[in-house]
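run-v2.csv (CSV, C-alpha atoms) appears below.
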chain,number,residue,atom,x,y,z
A,130,MET,CA,-8.2,17.3,-12.1
A,131,ALA,CA,-5.0,19.1,-11.5
A,132,CYS,CA,-3.9,19.4,-7.9
A,133,GLY,CA,-2.4,22.9,-8.2
A,134,PRO,CA,-5.7,24.8,-7.8
A,135,LEU,CA,-6.7,22.5,-5.0
A,136,ILE,CA,-3.5,23.1,-3.0
A,137,ALA,CA,-3.8,26.8,-3.6
A,138,ASP,CA,-7.4,26.7,-2.3
A,139,VAL,CA,-6.3,24.8,0.8
A,140,GLY,CA,-3.6,27.4,1.5
A,141,ARG,CA,-6.3,30.1,1.6
A,142,GLN,CA,-8.3,28.2,4.2
A,143,PRO,CA,-8.1,29.5,7.8
A,144,GLU,CA,-6.0,27.4,10.1
A,145,ARG,CA,-8.0,24.7,11.8
A,146,HIS,CA,-7.7,24.1,15.4
A,147,ALA,CA,-6.3,20.7,16.2
A,148,VAL,CA,-8.1,18.2,18.4
A,149,PRO,CA,-6.9,18.7,21.9
A,150,VAL,CA,-4.3,16.3,22.9
A,151,GLY,CA,-4.2,14.2,26.1
A,152,ILE,CA,-7.4,12.3,25.7
A,153,PRO,CA,-7.6,9.5,28.4
A,154,ILE,CA,-7.4,6.1,26.8
A,155,GLU,CA,-10.5,5.0,28.7
A,156,ALA,CA,-12.4,7.8,27.2
A,157,GLN,CA,-11.2,6.9,23.7
A,158,ARG,CA,-12.1,3.3,24.3
A,159,ALA,CA,-15.6,4.4,25.3
A,160,ALA,CA,-15.8,6.6,22.2
A,161,VAL,CA,-14.8,3.8,19.9
A,162,GLY,CA,-17.3,1.4,21.5
A,163,ALA,CA,-20.1,3.8,21.5
A,164,THR,CA,-19.5,5.0,17.9
A,165,LEU,CA,-19.2,1.5,16.5
A,166,ARG,CA,-22.3,0.4,18.4
A,167,ARG,CA,-24.2,3.3,17.0
A,168,LEU,CA,-23.2,2.1,13.5
A,169,GLY,CA,-24.6,-1.3,14.1
A,170,VAL,CA,-21.6,-3.2,15.5
A,171,SER,CA,-23.0,-5.8,17.9
A,172,GLU,CA,-21.3,-8.3,20.1
A,173,ASP,CA,-23.0,-11.3,18.5
A,174,SER,CA,-21.0,-11.1,15.3
A,175,TRP,CA,-18.3,-8.5,15.7
A,176,ARG,CA,-15.1,-8.2,17.7
A,177,VAL,CA,-13.2,-5.0,18.4
A,178,ASP,CA,-9.7,-5.5,19.7
A,179,VAL,CA,-6.3,-3.8,19.9
A,180,SER,CA,-3.3,-4.5,17.7
A,181,ALA,CA,-0.1,-2.8,16.9
A,182,HIS,CA,-1.5,-1.7,13.5
A,183,PRO,CA,-5.3,-1.6,13.0
A,184,PHE,CA,-6.8,-4.1,10.6
A,185,SER,CA,-10.0,-6.0,9.8
A,186,GLU,CA,-10.6,-9.6,9.3
A,187,ALA,CA,-13.8,-11.1,7.8
A,188,VAL,CA,-13.7,-14.7,9.0
A,189,SER,CA,-17.2,-15.1,7.7
A,190,ARG,CA,-20.3,-13.0,7.1
A,191,ARG,CA,-21.2,-13.5,10.8
A,192,ASP,CA,-17.8,-13.2,12.3
A,193,THR,CA,-16.2,-9.9,11.6
A,194,ARG,CA,-13.2,-8.6,13.6
A,195,VAL,CA,-11.7,-5.1,13.6
A,196,THR,CA,-8.8,-3.7,15.6
A,197,THR,CA,-7.6,-0.3,16.5
A,198,ARG,CA,-4.8,1.1,18.7
A,199,TYR,CA,-4.9,3.7,21.5
A,200,GLU,CA,-2.5,6.6,22.1
A,201,SER,CA,-3.1,9.3,24.6
A,202,GLU,CA,-2.0,12.1,22.2
A,203,SER,CA,-4.4,11.6,19.4
A,204,LEU,CA,-7.8,10.3,18.4
A,205,GLU,CA,-6.3,7.8,15.9
A,206,SER,CA,-8.1,5.1,17.8
A,207,LEU,CA,-11.5,6.4,16.6
A,208,LEU,CA,-10.3,7.2,13.1
A,209,GLY,CA,-8.7,3.8,12.8
A,210,ALA,CA,-11.7,2.0,14.1
A,211,LEU,CA,-14.0,3.7,11.6
A,212,HIS,CA,-11.5,3.0,8.8
A,213,GLU,CA,-11.5,-0.7,9.6
A,214,PHE,CA,-15.3,-0.6,10.1
A,215,GLY,CA,-15.5,0.6,6.4
A,216,HIS,CA,-13.5,-2.5,5.3
A,217,ALA,CA,-15.6,-4.8,7.4
A,218,LEU,CA,-18.9,-3.3,6.3
A,219,TYR,CA,-18.0,-3.8,2.7
A,220,GLU,CA,-17.2,-7.5,3.2
A,221,ARG,CA,-20.4,-8.0,5.2
A,222,GLN,CA,-22.5,-6.6,2.4
A,223,ILE,CA,-21.3,-9.1,-0.2
A,224,ALA,CA,-24.2,-11.2,-1.4
A,225,PRO,CA,-24.6,-14.3,0.8
A,226,GLU,CA,-25.0,-16.5,-2.3
A,227,LEU,CA,-21.3,-15.8,-3.0
A,228,GLU,CA,-20.1,-16.9,0.3
A,229,ARG,CA,-17.5,-19.7,0.1
A,230,THR,CA,-16.8,-19.0,-3.5
A,231,ASN,CA,-13.9,-17.0,-5.0
A,232,LEU,CA,-16.3,-14.1,-5.5
A,233,GLY,CA,-17.2,-13.9,-1.8
A,234,GLN,CA,-14.7,-11.2,-1.0
A,235,GLY,CA,-13.9,-7.6,-1.9
A,236,THR,CA,-13.4,-7.2,-5.6
A,237,SER,CA,-10.1,-5.2,-5.3
A,238,MET,CA,-8.0,-3.2,-2.9
A,239,THR,CA,-9.0,0.0,-4.6
A,240,ILE,CA,-12.7,-0.6,-3.8
A,241,HIS,CA,-11.8,-1.8,-0.3
A,242,GLU,CA,-9.8,1.4,0.5
A,243,SER,CA,-12.5,3.6,-1.0
A,244,GLN,CA,-15.0,2.0,1.5
A,245,SER,CA,-12.7,2.5,4.5
A,246,LYS,CA,-11.7,6.0,3.5
A,247,LEU,CA,-15.3,6.9,3.1
A,248,TRP,CA,-15.9,6.3,6.7
A,249,GLU,CA,-12.6,7.7,7.9
A,250,ASN,CA,-12.4,10.8,5.7
A,251,HIS,CA,-15.9,11.6,4.8
A,252,VAL,CA,-17.6,10.7,8.1
A,253,ALA,CA,-15.1,10.8,10.9
A,254,TYR,CA,-13.4,14.0,9.6
A,255,ASN,CA,-16.7,15.7,8.7
A,256,ARG,CA,-17.8,18.6,10.8
A,257,ALA,CA,-21.2,17.0,11.2
A,258,PHE,CA,-19.6,14.1,13.0
A,259,ALA,CA,-18.1,16.3,15.7
A,260,PRO,CA,-21.2,16.6,17.8
A,261,VAL,CA,-21.1,12.8,18.2
A,262,LEU,CA,-17.8,12.9,19.9
A,263,PRO,CA,-18.5,14.7,23.2
A,264,ARG,CA,-21.4,12.5,23.9
A,265,SER,CA,-19.6,9.3,23.0
A,266,LEU,CA,-16.5,10.3,25.0
A,267,VAL,CA,-18.4,10.1,28.2
A,268,VAL,CA,-20.8,7.1,27.7
A,269,ALA,CA,-19.9,3.7,29.0
A,270,PRO,CA,-18.0,1.3,26.8
A,271,LEU,CA,-19.8,-1.6,25.1
A,272,ARG,CA,-18.7,-3.9,27.9
A,273,SER,CA,-18.4,-1.8,31.1
A,274,SER,CA,-16.7,-4.4,33.3
A,275,PRO,CA,-14.1,-6.3,31.3
A,276,THR,CA,-12.3,-9.1,33.0
A,277,PRO,CA,-9.0,-9.4,31.2
A,278,SER,CA,-8.5,-13.0,32.3
A,279,THR,CA,-11.3,-14.3,30.1
A,280,PRO,CA,-10.9,-13.9,26.4
A,281,SER,CA,-14.6,-13.7,25.7
A,282,SER,CA,-15.1,-10.7,28.0
A,283,ARG,CA,-12.3,-8.8,26.3
A,284,ARG,CA,-14.6,-8.0,23.3
A,285,PHE,CA,-14.9,-4.3,22.6
A,286,ALA,CA,-12.8,-3.5,25.7
A,287,ARG,CA,-9.4,-5.0,25.3
A,288,HIS,CA,-6.4,-2.8,25.6
B,189,MET,CA,-39.3,-21.7,-6.8
B,190,THR,CA,-38.1,-25.0,-5.5
B,191,SER,CA,-38.4,-26.1,-1.9
B,192,ALA,CA,-34.6,-26.1,-1.7
B,193,ALA,CA,-34.6,-22.4,-2.7
B,194,VAL,CA,-37.3,-21.6,-0.1
B,195,SER,CA,-35.4,-23.5,2.7
B,196,HIS,CA,-32.2,-21.6,1.7
B,197,LEU,CA,-34.0,-18.3,2.2
B,198,LEU,CA,-35.4,-19.4,5.5
B,199,ASP,CA,-32.0,-20.4,6.7
B,200,HIS,CA,-30.5,-17.1,5.6
B,201,PRO,CA,-32.7,-14.3,6.8
B,202,LEU,CA,-32.0,-11.2,4.8
B,203,SER,CA,-33.1,-7.7,4.6
B,204,PRO,CA,-36.1,-7.1,2.3
B,205,ARG,CA,-33.9,-5.7,-0.4
B,206,ALA,CA,-31.4,-8.5,-0.1
B,207,ARG,CA,-34.2,-11.0,0.0
B,208,ARG,CA,-35.6,-9.7,-3.3
B,209,ARG,CA,-32.1,-9.9,-4.8
B,210,SER,CA,-31.8,-13.5,-3.5
B,211,CYS,CA,-35.2,-14.5,-4.9
B,212,ALA,CA,-34.2,-13.0,-8.3
B,213,LEU,CA,-31.0,-15.0,-8.2
B,214,ALA,CA,-32.8,-18.2,-7.2
B,215,LEU,CA,-35.2,-17.8,-10.0
B,216,PHE,CA,-32.3,-17.1,-12.4
B,217,THR,CA,-30.5,-20.2,-11.4
B,218,GLN,CA,-33.6,-22.3,-11.8
B,219,THR,CA,-33.8,-21.4,-15.5
B,220,SER,CA,-32.1,-23.1,-18.4
B,221,PRO,CA,-29.3,-23.0,-19.4
B,222,THR,CA,-27.9,-21.7,-16.1
B,223,ARG,CA,-29.6,-24.6,-14.3
B,224,ARG,CA,-27.9,-27.1,-16.6
B,225,VAL,CA,-24.5,-25.5,-15.9
B,226,LEU,CA,-25.0,-25.5,-12.2
B,227,ARG,CA,-25.9,-29.1,-12.2
B,228,MET,CA,-22.9,-30.2,-14.1
B,229,PRO,CA,-20.7,-32.5,-12.0
B,230,ALA,CA,-17.6,-30.5,-13.0
B,231,MET,CA,-19.3,-27.3,-11.8
B,232,ALA,CA,-20.2,-29.0,-8.5
B,233,GLU,CA,-16.7,-30.2,-8.1
B,234,LEU,CA,-15.3,-26.7,-8.9
B,235,ARG,CA,-17.7,-25.1,-6.3
B,236,ALA,CA,-16.6,-27.7,-3.7
B,237,ARG,CA,-13.0,-26.9,-4.4
B,238,LEU,CA,-13.6,-23.1,-4.2
B,239,ALA,CA,-15.5,-23.6,-0.9
B,240,GLU,CA,-12.6,-25.6,0.5
B,241,LEU,CA,-10.2,-22.9,-0.5
B,242,ALA,CA,-12.4,-20.2,1.0
B,243,ASP,CA,-12.5,-22.2,4.2
B,244,LEU,CA,-8.8,-22.5,4.3
B,245,SER,CA,-8.4,-18.8,3.6
B,246,ALA,CA,-10.8,-18.1,6.5
B,247,LEU,CA,-8.7,-20.3,8.8
B,248,GLY,CA,-5.6,-18.4,7.7
B,249,GLY,CA,-7.3,-15.1,8.5
B,250,LEU,CA,-8.3,-16.4,11.9
B,251,ALA,CA,-4.8,-17.5,12.6
B,252,GLY,CA,-3.5,-14.2,11.4
B,253,TRP,CA,-5.9,-12.3,13.7
B,254,ASP,CA,-4.9,-14.5,16.6
B,255,GLN,CA,-1.2,-13.8,15.9
B,256,ARG,CA,-1.7,-10.0,15.7
B,257,VAL,CA,-4.2,-9.6,18.5
B,258,MET,CA,-3.4,-12.2,21.1
B,259,MET,CA,0.3,-12.5,20.2
B,260,PRO,CA,1.7,-15.4,22.2
B,261,PRO,CA,5.2,-14.8,23.5
B,262,ARG,CA,6.8,-17.3,21.3
B,263,ALA,CA,6.4,-17.1,17.5
B,264,ARG,CA,7.8,-20.5,16.6
B,265,PRO,CA,4.7,-22.6,17.6
B,266,ARG,CA,2.5,-20.1,15.7
B,267,ALA,CA,4.6,-20.6,12.6
B,268,ARG,CA,4.3,-24.4,12.9
B,269,THR,CA,0.5,-24.2,13.0
B,270,SER,CA,0.2,-21.6,10.3
B,271,SER,CA,2.6,-23.2,7.8
B,272,PRO,CA,0.6,-26.4,7.2
B,273,ARG,CA,-2.6,-24.4,6.5
B,274,SER,CA,-0.7,-22.5,3.8
B,275,THR,CA,0.7,-25.7,2.4
B,276,VAL,CA,-2.7,-27.4,2.3
B,277,SER,CA,-4.2,-24.4,0.7
B,278,ARG,CA,-1.6,-24.2,-2.1
B,279,THR,CA,-1.7,-28.0,-2.7
B,280,SER,CA,-5.5,-27.9,-3.0
B,281,LEU,CA,-5.3,-25.0,-5.4
B,282,ARG,CA,-2.9,-26.7,-7.7
B,283,ALA,CA,-4.1,-30.3,-7.3
B,284,PRO,CA,-5.6,-32.0,-10.4
B,285,ARG,CA,-9.3,-32.9,-10.4
B,286,ARG,CA,-10.2,-35.5,-7.9
B,287,SER,CA,-12.8,-37.3,-10.0
B,288,ALA,CA,-11.6,-40.5,-11.5
B,289,SER,CA,-13.2,-39.8,-14.8
B,290,GLY,CA,-11.4,-36.6,-15.6
B,291,SER,CA,-7.8,-36.2,-16.6
B,292,ARG,CA,-7.7,-32.5,-16.9
B,293,SER,CA,-6.3,-30.1,-14.3
B,294,TRP,CA,-7.7,-26.8,-13.2
B,295,LYS,CA,-5.8,-24.0,-14.8
B,296,ALA,CA,-5.1,-22.5,-11.4
B,297,VAL,CA,-2.5,-20.0,-10.6
B,298,SER,CA,-1.0,-19.4,-7.2
B,299,SER,CA,-3.4,-16.6,-6.2
B,300,THR,CA,-6.4,-17.4,-4.1
B,301,ARG,CA,-7.7,-13.9,-4.6
B,302,SER,CA,-8.3,-14.1,-8.3
B,303,THR,CA,-8.3,-17.7,-9.2
B,304,ALA,CA,-11.2,-17.6,-11.6
B,305,THR,CA,-10.4,-14.3,-13.3
B,306,SER,CA,-6.7,-15.0,-13.6
B,307,SER,CA,-7.3,-18.5,-14.9
B,308,ALA,CA,-9.9,-17.3,-17.5
B,309,SER,CA,-7.8,-14.4,-18.7
B,310,HIS,CA,-4.2,-15.4,-18.2
B,311,GLY,CA,-4.1,-19.1,-17.8
B,312,GLY,CA,-3.0,-19.6,-21.4
B,313,THR,CA,-2.4,-23.1,-22.6
B,314,SER,CA,-2.5,-26.0,-20.2
B,315,SER,CA,1.2,-26.7,-20.9
B,316,ALA,CA,2.1,-23.1,-20.0
B,317,SER,CA,0.1,-23.3,-16.9
B,318,ALA,CA,1.7,-26.6,-15.9
B,319,ALA,CA,5.1,-25.2,-16.5
B,320,CYS,CA,4.3,-22.2,-14.4
B,321,ARG,CA,3.2,-24.4,-11.5
B,322,GLN,CA,6.3,-26.5,-11.8
B,323,THR,CA,8.5,-23.5,-11.7
B,324,LEU,CA,6.9,-22.1,-8.6
B,325,SER,CA,6.7,-25.4,-6.9
B,326,ALA,CA,10.4,-26.0,-7.4
B,327,SER,CA,11.2,-22.6,-6.2
B,328,GLU,CA,9.2,-23.1,-3.0
B,329,ARG,CA,10.8,-26.5,-2.3
B,330,ARG,CA,14.2,-24.8,-2.1
B,331,PRO,CA,15.7,-24.6,1.4
B,332,PRO,CA,15.4,-21.3,3.1
B,333,PRO,CA,18.4,-19.0,2.9
B,334,ARG,CA,21.0,-20.0,5.5
B,335,ASP,CA,20.9,-16.6,7.1
B,336,ARG,CA,17.3,-17.1,8.2
B,337,ARG,CA,18.3,-20.0,10.3
B,338,ARG,CA,21.1,-18.2,12.0
B,339,GLY,CA,20.8,-17.8,15.8
B,340,ARG,CA,18.2,-16.0,17.8
B,341,GLN,CA,20.1,-12.9,18.7
B,342,ARG,CA,18.3,-9.8,19.5
B,343,ALA,CA,17.8,-7.7,16.3
B,344,PRO,CA,19.9,-4.6,16.2
B,345,ASN,CA,18.4,-1.3,15.2
B,346,ALA,CA,19.8,-1.5,11.7
B,347,ASP,CA,19.1,-5.1,10.9
B,348,PHE,CA,18.3,-4.9,7.2
B,349,ALA,CA,21.0,-7.3,6.4
B,350,ALA,CA,19.2,-10.0,8.4
B,351,PHE,CA,16.1,-9.6,6.3
B,352,ALA,CA,17.9,-9.2,3.0
B,353,PRO,CA,18.0,-12.9,2.0
B,354,ALA,CA,14.3,-13.4,2.7
B,355,LEU,CA,13.5,-10.2,0.9
B,356,ALA,CA,15.6,-11.3,-2.1
B,357,ARG,CA,13.8,-14.6,-2.2
B,358,ASN,CA,10.4,-12.8,-2.1
B,359,VAL,CA,11.5,-10.7,-5.1
B,360,GLU,CA,12.7,-13.8,-6.9
B,361,LEU,CA,9.3,-15.6,-6.3
B,362,ALA,CA,7.4,-12.5,-7.4
B,363,ARG,CA,9.3,-12.3,-10.6
B,364,ALA,CA,8.8,-16.0,-11.3
B,365,TYR,CA,5.1,-15.5,-10.6
B,366,ALA,CA,4.9,-12.5,-12.9
B,367,ALA,CA,6.7,-14.4,-15.6
B,368,CYS,CA,3.8,-16.9,-15.7
B,369,PHE,CA,1.6,-14.2,-17.3
B,370,LYS,CA,2.9,-14.1,-20.8
B,371,ASP,CA,0.3,-11.6,-22.1
B,372,ALA,CA,0.9,-9.0,-19.4
B,373,ALA,CA,2.5,-6.0,-21.1
B,374,ARG,CA,4.8,-5.4,-18.1
B,375,PRO,CA,5.7,-7.8,-15.3
B,376,TYR,CA,4.2,-5.5,-12.6
B,377,ASP,CA,0.9,-5.7,-14.4
B,378,ALA,CA,0.5,-9.3,-13.4
B,379,LEU,CA,1.2,-8.5,-9.7
B,380,LEU,CA,-1.1,-5.5,-9.9
B,381,TYR,CA,-4.0,-7.7,-11.2
B,382,ASP,CA,-4.1,-9.6,-7.9
B,383,PHE,CA,-5.2,-6.4,-6.2
B,384,ASP,CA,-7.0,-4.5,-8.9
B,385,TYR,CA,-7.8,-6.7,-11.8
B,386,GLY,CA,-7.6,-4.8,-15.1
B,387,VAL,CA,-5.6,-1.8,-13.8
B,388,ALA,CA,-2.4,-1.7,-15.7
B,389,THR,CA,0.9,-0.2,-14.5
B,390,GLU,CA,0.7,2.5,-17.2
B,391,ARG,CA,-2.6,3.8,-15.8
B,392,VAL,CA,-1.3,3.8,-12.2
B,393,GLU,CA,1.8,5.7,-13.3
B,394,ALA,CA,-0.3,8.3,-15.1
B,395,THR,CA,-2.5,8.8,-12.0
B,396,PHE,CA,0.5,9.2,-9.7
B,397,ALA,CA,2.2,11.5,-12.2
B,398,ARG,CA,-0.7,13.9,-12.0
B,399,LEU,CA,-0.6,13.7,-8.2
B,400,ALA,CA,3.2,14.3,-8.2
B,401,ASP,CA,2.6,17.5,-10.3
B,402,GLY,CA,0.4,18.8,-7.6
B,403,LEU,CA,2.4,17.6,-4.6
B,404,ARG,CA,5.8,19.1,-5.7
B,405,PRO,CA,4.7,22.7,-5.0
B,406,ALA,CA,3.2,21.6,-1.7
B,407,ASP,CA,6.5,19.8,-0.8
B,408,ARG,CA,8.5,22.9,-1.7
B,409,ARG,CA,6.2,25.0,0.6
B,410,CYS,CA,6.6,22.6,3.5
B,411,ARG,CA,10.3,22.5,3.4
B,412,PRO,CA,12.0,24.9,5.8
B,413,ALA,CA,13.7,27.8,4.2
B,414,ALA,CA,17.4,27.2,3.6

Would you mind writing the structure in this file as structure tokens?
Amino acid sequence: MACGPLIADVGRQPERHAVPVGIPIEAQRAAVGATLRRLGVSEDSWRVDVSAHPFSEAVSRRDTRVTTRYESESLESLLGALHEFGHALYERQIAPELERTNLGQGTSMTIHESQSKLWENHVAYNRAFAPVLPRSLVVAPLRSSPTPSTPSSRRFARH
Amino acid sequence: MTSAAVSHLLDHPLSPRARRRSCALALFTQTSPTRRVLRMPAMAELRARLAELADLSALGGLAGWDQRVMMPPRARPRARTSSPRSTVSRTSLRAPRRSASGSRSWKAVSSTRSTATSSASHGGTSSASAACRQTLSASERRPPPRDRRRGRQRAPNADFAAFAPALARNVELARAYAACFKDAARPYDALLYDFDYGVATERVEATFARLADGLRPADRRCRPAA
């Protein structure tokens, strides 16, 4: 498909209103936790942390770790978390029989990115996803009283 | 279904769909000739080797997560702990068979991601594979560039020169690795196969050419009027 008609079509679209800036990081953290929890991320086999650049790491099928980063001027934290969730979900759905073999991982970077972009572009950016945000921005984070001094309690709430 | 297959399913509770798939796979693996292949000592040894490599890869991932998330103030101890893991992994990948009865070596290449596919499709003759391993091993044994061991001064804003020797060596190693794949039409194909097996450079270039055709008008529109 040529991109020319697509670009011309985009140019005819009315200008979209940007997401309001200045979202408190605590609210973003709550939104990330609540959204991931809604998607099935539980504390017994997942970790959600903060890193300079978001990434996901599938240590095993029962130990999945994703990261995101928080900035007060954007909702990149939520988009990044959902992007990494897509990577992690793909790895978690590999057949258990293939674990600890050279087939027990994603088949290619193309497929991996397609899974992550599915959640970021087609879910998080979708208009139907917007009603989720106001609710999740005010609910409590997955772990409401983190104690930064103990690593185990930093799960889902580390910043 | 054997009791071993049943106990495996009990130990690995799955969703109904995944359970059906697992049952089908268990039945499949119990039939001949698959059963005979899976019970071959060489296959058992190969699976053990792959499991070991997968465990080492998981350890590396865990160390990488720790480095990027917990980030201790000093990187040198982290490098000391991560380096042996990488060395053991590469040694295990290239080591000959451990059974006393066999004299053959696995036709492994230095890519944990696509060991089986690369070996099956690009391993070539055992002599070529051995020569490739020797080339890469010799290259890895070389001392690091002298500039990398220079002091610990704070990096300036424009510090590309400090990275240049390491970058040059990475390029050199990548070229040596690509040269091991004699049947790749272009050197970059071999590197690309590690990420997307079967996707050739020619196809990627064609895809990006179409994208470029569409992006150029957008780029012109976005540029401020001169």

Return as a PDB file with C-alpha atoms, keeping the file's coordinate frame the residues belonging to chain A that are within 10 Å of chain B, counting all atoms listed in the file.
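That gives us result.pdb:
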ATOM      1  CA  MET A 130      -8.200  17.300 -12.100  1.00  0.00           C
ATOM      2  CA  ALA A 131      -5.000  19.100 -11.500  1.00  0.00           C
ATOM      3  CA  CYS A 132      -3.900  19.400  -7.900  1.00  0.00           C
ATOM      4  CA  GLY A 133      -2.400  22.900  -8.200  1.00  0.00           C
ATOM      5  CA  PRO A 134      -5.700  24.800  -7.800  1.00  0.00           C
ATOM      6  CA  LEU A 135      -6.700  22.500  -5.000  1.00  0.00           C
ATOM      7  CA  ILE A 136      -3.500  23.100  -3.000  1.00  0.00           C
ATOM      8  CA  ALA A 137      -3.800  26.800  -3.600  1.00  0.00           C
ATOM      9  CA  GLY A 140      -3.600  27.400   1.500  1.00  0.00           C
ATOM     10  CA  ASP A 178      -9.700  -5.500  19.700  1.00  0.00           C
ATOM     11  CA  VAL A 179      -6.300  -3.800  19.900  1.00  0.00           C
ATOM     12  CA  SER A 180      -3.300  -4.500  17.700  1.00  0.00           C
ATOM     13  CA  ALA A 181      -0.100  -2.800  16.900  1.00  0.00           C
ATOM     14  CA  HIS A 182      -1.500  -1.700  13.500  1.00  0.00           C
ATOM     15  CA  PRO A 183      -5.300  -1.600  13.000  1.00  0.00           C
ATOM     16  CA  PHE A 184      -6.800  -4.100  10.600  1.00  0.00           C
ATOM     17  CA  SER A 185     -10.000  -6.000   9.800  1.00  0.00           C
ATOM     18  CA  GLU A 186     -10.600  -9.600   9.300  1.00  0.00           C
ATOM     19  CA  ALA A 187     -13.800 -11.100   7.800  1.00  0.00           C
ATOM     20  CA  VAL A 188     -13.700 -14.700   9.000  1.00  0.00           C
ATOM     21  CA  SER A 189     -17.200 -15.100   7.700  1.00  0.00           C
ATOM     22  CA  ARG A 194     -13.200  -8.600  13.600  1.00  0.00           C
ATOM     23  CA  VAL A 195     -11.700  -5.100  13.600  1.00  0.00           C
ATOM     24  CA  THR A 196      -8.800  -3.700  15.600  1.00  0.00           C
ATOM     25  CA  GLN A 222     -22.500  -6.600   2.400  1.00  0.00           C
ATOM     26  CA  ALA A 224     -24.200 -11.200  -1.400  1.00  0.00           C
ATOM     27  CA  PRO A 225     -24.600 -14.300   0.800  1.00  0.00           C
ATOM     28  CA  GLU A 226     -25.000 -16.500  -2.300  1.00  0.00           C
ATOM     29  CA  LEU A 227     -21.300 -15.800  -3.000  1.00  0.00           C
ATOM     30  CA  GLU A 228     -20.100 -16.900   0.300  1.00  0.00           C
ATOM     31  CA  ARG A 229     -17.500 -19.700   0.100  1.00  0.00           C
ATOM     32  CA  THR A 230     -16.800 -19.000  -3.500  1.00  0.00           C
ATOM     33  CA  ASN A 231     -13.900 -17.000  -5.000  1.00  0.00           C
ATOM     34  CA  LEU A 232     -16.300 -14.100  -5.500  1.00  0.00           C
ATOM     35  CA  GLY A 233     -17.200 -13.900  -1.800  1.00  0.00           C
ATOM     36  CA  GLN A 234     -14.700 -11.200  -1.000  1.00  0.00           C
ATOM     37  CA  GLY A 235     -13.900  -7.600  -1.900  1.00  0.00           C
ATOM     38  CA  THR A 236     -13.400  -7.200  -5.600  1.00  0.00           C
ATOM     39  CA  SER A 237     -10.100  -5.200  -5.300  1.00  0.00           C
ATOM     40  CA  MET A 238      -8.000  -3.200  -2.900  1.00  0.00           C
ATOM     41  CA  THR A 239      -9.000   0.000  -4.600  1.00  0.00           C
ATOM     42  CA  ILE A 240     -12.700  -0.600  -3.800  1.00  0.00           C
ATOM     43  CA  HIS A 241     -11.800  -1.800  -0.300  1.00  0.00           C
ATOM     44  CA  PRO A 280     -10.900 -13.900  26.400  1.00  0.00           C
ATOM     45  CA  ARG A 287      -9.400  -5.000  25.300  1.00  0.00           C
TER      46      ARG A 287
END

Quiz item: Expressed in Å to a single decimal, how great is the separation between CA of Leu379 in chain B and CA of Val392 in chain B?
Solution: 12.8 Å

Practice problem: Rank nothing, just name the residue among A:Leu247, A:Leu207, A:Ala259, A:Val252 nearest to Ala156 in chain A, using only C-alpha atoms. | Solution: A:Leu207

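Here CA of His216 in chain A and CA of Glu249 in chain A stand 10.6 Å from one another.
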
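Residue nearest Ser203 in chain A within the list A:Asn255, A:Pro260, A:Pro153, A:Arg176: A:Pro153 [criterion: smallest interatomic distance, all atoms listed in the file].
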
Could range 206-216 of chain A be completed with N, CA and C atoms and written as a short mmCIF file (atom, residue, chain, number, x, y, z; two decimals), in the coordinates of the input, please?
data_model
loop_
_atom_site.label_atom_id
_atom_site.label_comp_id
_atom_site.auth_asym_id
_atom_site.auth_seq_id
_atom_site.Cartn_x
_atom_site.Cartn_y
_atom_site.Cartn_z
N SER A 206 -7.34 6.29 17.46
CA SER A 206 -8.10 5.10 17.80
C SER A 206 -9.47 5.12 17.11
N LEU A 207 -10.14 6.25 17.19
CA LEU A 207 -11.50 6.40 16.60
C LEU A 207 -11.42 6.37 15.08
N LEU A 208 -10.44 7.11 14.56
CA LEU A 208 -10.30 7.20 13.10
C LEU A 208 -9.96 5.79 12.53
N GLY A 209 -9.04 5.10 13.22
CA GLY A 209 -8.70 3.80 12.80
C GLY A 209 -9.82 2.80 12.85
N ALA A 210 -10.57 2.89 13.93
CA ALA A 210 -11.70 2.00 14.10
C ALA A 210 -12.74 2.19 12.99
N LEU A 211 -12.99 3.46 12.65
CA LEU A 211 -14.00 3.70 11.60
C LEU A 211 -13.43 3.30 10.23
N HIS A 212 -12.13 3.47 10.03
CA HIS A 212 -11.50 3.00 8.80
C HIS A 212 -11.69 1.50 8.63
N GLU A 213 -11.38 0.78 9.68
CA GLU A 213 -11.50 -0.70 9.60
C GLU A 213 -12.98 -1.10 9.53
N PHE A 214 -13.84 -0.33 10.17
CA PHE A 214 -15.30 -0.60 10.10
C PHE A 214 -15.71 -0.53 8.59
N GLY A 215 -15.16 0.44 7.86
CA GLY A 215 -15.50 0.60 6.40
C GLY A 215 -15.10 -0.69 5.67
N HIS A 216 -13.91 -1.21 5.95
CA HIS A 216 -13.50 -2.50 5.30
C HIS A 216 -14.46 -3.59 5.65
#
